[in-house]
$ cat my_file13.txt   # compact mmCIF, C-alpha atoms
# COMPACT_ATOMS: atom_id res chain seq x y z
CA LYS A 1 -137.89 46.72 -10.77
CA ASP A 2 -139.48 47.81 -14.06
CA THR A 3 -136.26 49.25 -15.47
CA LEU A 4 -135.00 48.49 -18.96
CA VAL A 5 -132.41 46.02 -17.62
CA ASP A 6 -135.11 44.26 -15.56
CA LYS A 7 -137.39 43.95 -18.58
CA ILE A 8 -134.56 42.58 -20.75
CA ILE A 9 -133.63 40.01 -18.09
CA LEU A 10 -137.29 39.07 -17.72
CA PHE A 11 -137.72 38.65 -21.49
CA VAL A 12 -134.56 36.57 -21.89
CA SER A 13 -135.43 34.31 -18.95
CA VAL A 14 -138.98 33.73 -20.22
CA LEU A 15 -137.54 32.94 -23.64
CA GLY A 16 -135.05 30.51 -22.05
CA MET A 17 -137.79 28.73 -20.11
CA SER A 18 -140.12 28.41 -23.07
CA LEU A 19 -137.51 27.29 -25.61
CA PRO A 20 -137.57 23.48 -25.96
CA SER A 21 -134.17 21.85 -25.47
CA PHE A 22 -134.25 19.93 -28.74
CA PHE A 23 -135.01 23.09 -30.72
CA ALA A 24 -132.35 25.09 -28.88
CA SER A 25 -129.82 22.34 -29.58
CA ILE A 26 -130.51 22.48 -33.31
CA ILE A 27 -130.30 26.28 -33.46
CA ILE A 28 -127.14 26.52 -31.34
CA ALA A 29 -125.41 23.64 -33.18
CA TRP A 30 -126.19 25.28 -36.52
CA LEU A 31 -125.18 28.78 -35.39
CA PHE A 32 -121.95 28.01 -33.53
CA GLY A 33 -120.97 24.75 -35.23
CA PHE A 34 -121.71 25.69 -38.83
CA VAL A 35 -122.23 29.41 -39.40
CA LEU A 36 -119.59 30.62 -36.92
CA TYR A 37 -117.28 27.58 -37.19
CA ASN A 38 -114.35 29.66 -38.45
CA TYR A 39 -114.51 31.77 -35.28
CA THR A 40 -115.49 29.19 -32.66
CA GLY A 41 -113.88 25.98 -33.96
CA LEU A 42 -116.74 24.00 -32.39
CA ASN A 43 -118.19 20.94 -34.11
CA MET A 44 -121.90 20.46 -34.71
CA THR A 45 -121.70 16.84 -33.59
CA GLY A 46 -119.14 14.67 -31.89
CA SER A 47 -118.58 12.58 -28.83
CA LEU A 48 -116.19 13.09 -25.94
CA TYR A 49 -113.89 10.44 -27.41
CA GLU A 50 -113.02 10.51 -31.09
CA VAL A 51 -110.98 8.00 -33.03
CA ASP A 52 -108.48 9.35 -35.53
CA ASP A 53 -108.87 8.66 -39.24
CA PHE A 54 -106.51 5.68 -39.16
CA GLY A 55 -108.13 4.04 -36.12
CA GLU A 56 -104.91 4.15 -34.13
CA GLY A 57 -106.18 5.77 -30.98
CA LYS A 58 -108.87 7.59 -29.07
CA TYR A 59 -108.55 11.25 -28.24
CA LEU A 60 -110.46 13.40 -25.78
CA GLN A 61 -112.36 16.20 -27.47
CA TRP A 62 -113.55 18.48 -24.66
CA LYS A 63 -114.72 21.09 -27.16
CA ASN A 64 -117.50 18.73 -28.25
CA LEU A 65 -119.14 19.13 -24.83
CA ILE A 66 -119.32 22.93 -24.87
CA LEU A 67 -122.45 23.33 -27.01
CA PRO A 68 -124.45 20.54 -25.29
CA ALA A 69 -123.54 22.01 -21.90
CA ILE A 70 -124.76 25.44 -22.98
CA VAL A 71 -128.02 24.00 -24.28
CA LEU A 72 -128.59 21.97 -21.12
CA GLY A 73 -127.91 25.05 -19.00
CA ILE A 74 -130.32 27.44 -20.75
CA ARG A 75 -133.52 26.36 -18.99
CA PRO A 76 -132.11 25.97 -15.45
CA LEU A 77 -130.37 29.34 -15.75
CA ALA A 78 -133.64 30.94 -16.84
CA VAL A 79 -135.50 29.35 -13.93
CA VAL A 80 -132.84 30.44 -11.45
CA THR A 81 -133.01 33.97 -12.83
CA GLN A 82 -136.79 34.10 -12.46
CA LEU A 83 -136.74 32.60 -8.96
CA MET A 84 -133.99 34.92 -7.81
CA ARG A 85 -135.67 38.00 -9.27
CA ASN A 86 -139.06 37.24 -7.73
CA SER A 87 -137.59 36.27 -4.38
CA LEU A 88 -135.37 39.36 -4.27
CA LEU A 89 -138.31 41.64 -5.08
CA GLU A 90 -140.32 40.04 -2.30
CA VAL A 91 -137.48 40.33 0.22
CA LEU A 92 -136.77 43.96 -0.69
CA SER A 93 -140.36 44.87 0.21
CA GLN A 94 -140.01 43.55 3.78
CA ASP A 95 -139.90 45.74 6.88
CA TYR A 96 -136.35 44.82 7.91
CA ILE A 97 -135.05 46.14 4.59
CA ARG A 98 -136.71 49.50 5.28
CA THR A 99 -135.19 49.41 8.76
CA ALA A 100 -131.72 48.77 7.32
CA PHE A 101 -132.13 51.77 5.01
CA ALA A 102 -133.38 53.85 7.94
CA LYS A 103 -130.25 52.97 9.92
CA GLY A 104 -128.18 54.53 7.16
CA LEU A 105 -126.71 51.46 5.48
CA SER A 106 -125.73 51.87 1.84
CA GLU A 107 -127.92 50.43 -0.90
CA ASN A 108 -125.27 47.88 -1.92
CA ARG A 109 -124.81 46.74 1.67
CA VAL A 110 -128.55 46.31 2.20
CA ILE A 111 -129.07 44.43 -1.06
CA VAL A 112 -126.09 42.10 -0.66
CA ALA A 113 -126.09 41.52 3.10
CA HIS A 114 -129.83 41.39 3.68
CA GLY A 115 -131.62 41.04 0.36
CA VAL A 116 -129.58 38.48 -1.57
CA ARG A 117 -128.82 36.30 1.44
CA ASN A 118 -132.48 35.97 2.37
CA SER A 119 -133.68 35.56 -1.21
CA LEU A 120 -131.39 32.56 -1.76
CA ILE A 121 -133.44 30.42 0.65
CA PRO A 122 -136.32 29.68 -1.79
CA LEU A 123 -133.78 29.20 -4.56
CA ALA A 124 -131.93 26.51 -2.60
CA THR A 125 -135.13 24.50 -2.22
CA GLY A 126 -135.96 24.75 -5.92
CA ILE A 127 -132.59 23.54 -7.20
CA GLY A 128 -133.47 19.87 -6.61
CA GLY A 129 -135.87 19.89 -9.53
CA PHE A 130 -133.15 20.94 -11.97
CA ILE A 131 -131.73 17.42 -12.11
CA THR A 132 -134.89 16.20 -13.81
CA MET A 133 -134.61 19.07 -16.31
CA PHE A 134 -131.10 17.94 -17.18
CA PHE A 135 -132.19 14.36 -17.68
CA GLY A 136 -135.29 15.28 -19.66
CA GLY A 137 -133.29 17.41 -22.04
CA SER A 138 -130.38 15.01 -22.36
CA PHE A 139 -132.26 12.44 -24.45
CA LEU A 140 -132.74 14.57 -27.53
CA ILE A 141 -129.67 16.73 -26.97
CA GLU A 142 -127.44 13.65 -27.09
CA LYS A 143 -129.23 12.61 -30.27
CA THR A 144 -128.80 16.06 -31.86
CA PHE A 145 -125.12 16.44 -31.00
CA GLY A 146 -124.24 12.78 -31.67
CA ILE A 147 -123.01 12.04 -28.14
CA ASP A 148 -122.93 8.38 -27.16
CA GLY A 149 -124.46 8.54 -23.69
CA ILE A 150 -127.18 6.99 -21.60
CA GLY A 151 -129.70 9.50 -22.95
CA LEU A 152 -129.02 8.37 -26.51
CA LEU A 153 -129.23 4.76 -25.33
CA GLY A 154 -132.67 5.45 -23.86
CA TYR A 155 -133.79 7.26 -26.99
CA SER A 156 -132.59 4.43 -29.24
CA ALA A 157 -134.34 1.88 -27.03
CA LEU A 158 -137.54 3.89 -27.28
CA VAL A 159 -137.37 4.09 -31.07
CA GLU A 160 -136.47 0.41 -31.47
CA ARG A 161 -139.00 -0.70 -28.82
CA ASP A 162 -136.37 -2.41 -26.72
CA TYR A 163 -138.34 -2.45 -23.49
CA ASP A 164 -135.61 -3.91 -21.28
CA ILE A 165 -133.12 -1.16 -22.08
CA MET A 166 -135.86 1.47 -21.90
CA MET A 167 -136.88 0.34 -18.42
CA GLY A 168 -133.24 0.21 -17.34
CA THR A 169 -132.50 3.77 -18.44
CA THR A 170 -135.75 4.98 -16.88
CA ALA A 171 -134.87 3.25 -13.61
CA PHE A 172 -131.36 4.73 -13.71
CA PHE A 173 -132.65 8.27 -14.25
CA THR A 174 -135.27 7.76 -11.54
CA VAL A 175 -132.74 6.60 -8.96
CA VAL A 176 -130.30 9.40 -9.78
CA GLY A 177 -133.13 11.94 -9.78
CA LEU A 178 -134.28 10.83 -6.32
CA PHE A 179 -130.86 11.36 -4.81
$ encode --input "my_file13.txt" --output "structure tokens"
Amino acid sequence: KDTLVDKIILFVSVLGMSLPSFFASIIIAWLFGFVLYNYTGLNMTGSLYEVDDFGEGKYLQWKNLILPAIVLGIRPLAVVTQLMRNSLLEVLSQDYIRTAFAKGLSENRVIVAHGVRNSLIPLATGIGGFITMFFGGSFLIEKTFGIDGIGLLGYSALVERDYDIMMGTTAFFTVVGLF
């Protein structure tokens, strides 16, 4: 706690939680898909399936999913980092941790066997809310990266005021989010 590494992790996780998904998608697409394209080979936009120039066939382009996956994972990773850090600090201040140190166990053994195992319990209960974060960010991320998915369908229905499609995508995300 309160070391340089802890403060860096804390700063990066707060930045990851406060960065909106649509803004992060624009910045990451520009940085890795345009500025660093010669090194990464990643496209700024593109769907999972791409048709060749002559229209003869569809080809899977897995590399087009790398940048959207990174953008969708920024906020949940930041939340997991914060939850794990706070839970671990709370667990390490408990009496049984002091007892484990008093028995002569090594610091690594105490942290891994007692600290991390018991600090994962609150994290396991908080993971259910991450599904809604994925869905909330997918609407504009699919629009930014040009992915033809249900998020883009919902966004297009919202813009075009197609209420039937909008209610259908909302119902779909609600049902998936509940389970």
$ residues_around --input "my_file13.txt" --residues "Ser47 of chain A" --least-positions-apart "6" --cutoff "8 Å" --atoms "all atoms listed in the file" --output "list in words"
Gln61, Asn64, Leu65, Phe145, Gly146, Ile147 and Asp148 of chain A
$ atom_distance --input "my_file13.txt" --atom1 "atom CA of Ser106 of chain A" --atom2 "atom CA of Leu123 of chain A"
24.9 Å
$ atom_distance --input "my_file13.txt" --atom1 "atom CA of Arg75 of chain A" --atom2 "atom CA of Val14 of chain A"
9.3 Å
$ residues_around --input "my_file13.txt" --residues "Phe139 of chain A" --least-positions-apart "3" --cutoff "12 Å" --atoms "all atoms listed in the file" --output "NGL selection string"
:A and (21-22 or 25 or 68 or 72 or 132-136 or 142-159 or 166 or 169-170 or 173)
$ atom_distance --input "my_file13.txt" --atom1 "atom CA of Leu83 of chain A" --atom2 "atom CA of Ser18 of chain A"
15.1 Å
$ decode --input "my_file13.txt" --residues "segment 24-137 of chain A" --atoms "C-alpha atoms" --output "compact mmCIF listing (two decimals), in the first residue's frame"
# COMPACT_ATOMS: atom_id res chain seq x y z
CA ALA A 24 -11.40 5.21 -25.87
CA SER A 25 -12.47 3.47 -29.08
CA ILE A 26 -11.67 6.54 -31.16
CA ILE A 27 -8.27 7.06 -29.53
CA ILE A 28 -7.25 3.39 -29.71
CA ALA A 29 -8.48 3.00 -33.31
CA TRP A 30 -6.53 6.08 -34.35
CA LEU A 31 -3.38 5.11 -32.43
CA PHE A 32 -3.13 1.41 -33.32
CA GLY A 33 -5.05 1.40 -36.61
CA PHE A 34 -3.61 4.53 -38.18
CA VAL A 35 -0.48 5.84 -36.47
CA LEU A 36 1.04 2.45 -35.65
CA TYR A 37 -0.50 0.53 -38.58
CA ASN A 38 2.91 -0.39 -40.04
CA TYR A 39 3.82 -2.12 -36.77
CA THR A 40 0.48 -3.61 -35.71
CA GLY A 41 -1.24 -4.35 -39.03
CA LEU A 42 -4.61 -3.69 -37.37
CA ASN A 43 -7.41 -1.93 -39.23
CA MET A 44 -9.29 1.06 -37.83
CA THR A 45 -12.61 -0.40 -38.94
CA GLY A 46 -13.82 -3.71 -40.25
CA SER A 47 -16.18 -6.53 -39.50
CA LEU A 48 -15.46 -10.12 -38.61
CA TYR A 49 -16.35 -11.15 -42.16
CA GLU A 50 -14.93 -9.25 -45.10
CA VAL A 51 -15.70 -9.75 -48.76
CA ASP A 52 -12.78 -9.62 -51.17
CA ASP A 53 -12.56 -6.90 -53.81
CA PHE A 54 -14.11 -9.09 -56.51
CA GLY A 55 -17.04 -10.26 -54.35
CA GLU A 56 -16.07 -13.90 -54.72
CA GLY A 57 -16.06 -14.91 -51.09
CA LYS A 58 -16.18 -14.02 -47.43
CA TYR A 59 -13.11 -14.28 -45.26
CA LEU A 60 -12.74 -14.27 -41.50
CA GLN A 61 -10.71 -11.34 -40.23
CA TRP A 62 -10.01 -12.08 -36.56
CA LYS A 63 -7.62 -9.14 -36.34
CA ASN A 64 -10.57 -6.76 -36.70
CA LEU A 65 -11.84 -7.88 -33.29
CA ILE A 66 -8.64 -7.15 -31.36
CA LEU A 67 -9.09 -3.40 -30.91
CA PRO A 68 -12.82 -3.56 -30.00
CA ALA A 69 -12.06 -6.32 -27.48
CA ILE A 70 -9.36 -4.19 -25.87
CA VAL A 71 -11.67 -1.19 -25.66
CA LEU A 72 -14.50 -3.25 -24.19
CA GLY A 73 -12.11 -4.73 -21.62
CA ILE A 74 -10.65 -1.46 -20.32
CA ARG A 75 -13.43 -0.54 -17.90
CA PRO A 76 -14.09 -4.03 -16.47
CA LEU A 77 -10.36 -4.56 -15.97
CA ALA A 78 -10.11 -1.24 -14.14
CA VAL A 79 -13.07 -2.15 -11.92
CA VAL A 80 -11.62 -5.58 -11.17
CA THR A 81 -8.30 -3.98 -10.29
CA GLN A 82 -9.93 -1.53 -7.90
CA LEU A 83 -12.13 -4.18 -6.28
CA MET A 84 -9.23 -6.58 -5.88
CA ARG A 85 -6.93 -3.92 -4.45
CA ASN A 86 -9.47 -2.68 -1.91
CA SER A 87 -10.55 -6.16 -0.92
CA LEU A 88 -6.96 -7.36 -0.56
CA LEU A 89 -6.06 -4.36 1.62
CA GLU A 90 -9.05 -5.08 3.83
CA VAL A 91 -8.23 -8.78 4.12
CA LEU A 92 -4.56 -8.12 4.88
CA SER A 93 -5.58 -6.04 7.90
CA GLN A 94 -7.51 -8.94 9.49
CA ASP A 95 -6.40 -10.81 12.61
CA TYR A 96 -5.91 -14.18 10.91
CA ILE A 97 -3.33 -12.64 8.58
CA ARG A 98 -1.34 -11.42 11.60
CA THR A 99 -1.68 -14.91 13.08
CA ALA A 100 -0.34 -16.49 9.88
CA PHE A 101 2.67 -14.17 10.01
CA ALA A 102 3.14 -14.96 13.70
CA LYS A 103 3.23 -18.69 12.89
CA GLY A 104 6.20 -18.04 10.63
CA LEU A 105 4.64 -18.40 7.20
CA SER A 106 6.39 -16.54 4.39
CA GLU A 107 4.92 -13.32 3.03
CA ASN A 108 4.15 -14.89 -0.36
CA ARG A 109 2.42 -17.85 1.26
CA VAL A 110 0.28 -15.61 3.47
CA ILE A 111 -0.70 -13.28 0.62
CA VAL A 112 -1.51 -16.03 -1.87
CA ALA A 113 -3.00 -18.69 0.40
CA HIS A 114 -4.90 -16.45 2.78
CA GLY A 115 -5.11 -12.95 1.34
CA VAL A 116 -5.90 -13.47 -2.34
CA ARG A 117 -8.25 -16.40 -1.77
CA ASN A 118 -10.37 -14.48 0.70
CA SER A 119 -10.30 -11.23 -1.26
CA LEU A 120 -11.74 -12.93 -4.36
CA ILE A 121 -15.11 -13.44 -2.64
CA PRO A 122 -16.35 -9.83 -3.07
CA LEU A 123 -14.93 -9.81 -6.58
CA ALA A 124 -16.96 -12.88 -7.57
CA THR A 125 -20.18 -11.16 -6.54
CA GLY A 126 -19.35 -8.00 -8.47
CA ILE A 127 -18.58 -9.70 -11.78
CA GLY A 128 -22.27 -10.03 -12.69
CA GLY A 129 -22.53 -6.31 -13.34
CA PHE A 130 -19.80 -6.43 -15.98
CA ILE A 131 -22.17 -7.87 -18.56
CA THR A 132 -24.14 -4.64 -18.57
CA MET A 133 -20.89 -2.69 -19.04
CA PHE A 134 -20.10 -4.77 -22.10
CA PHE A 135 -23.53 -4.18 -23.59
CA GLY A 136 -23.56 -0.48 -22.78
CA GLY A 137 -20.23 0.04 -24.46
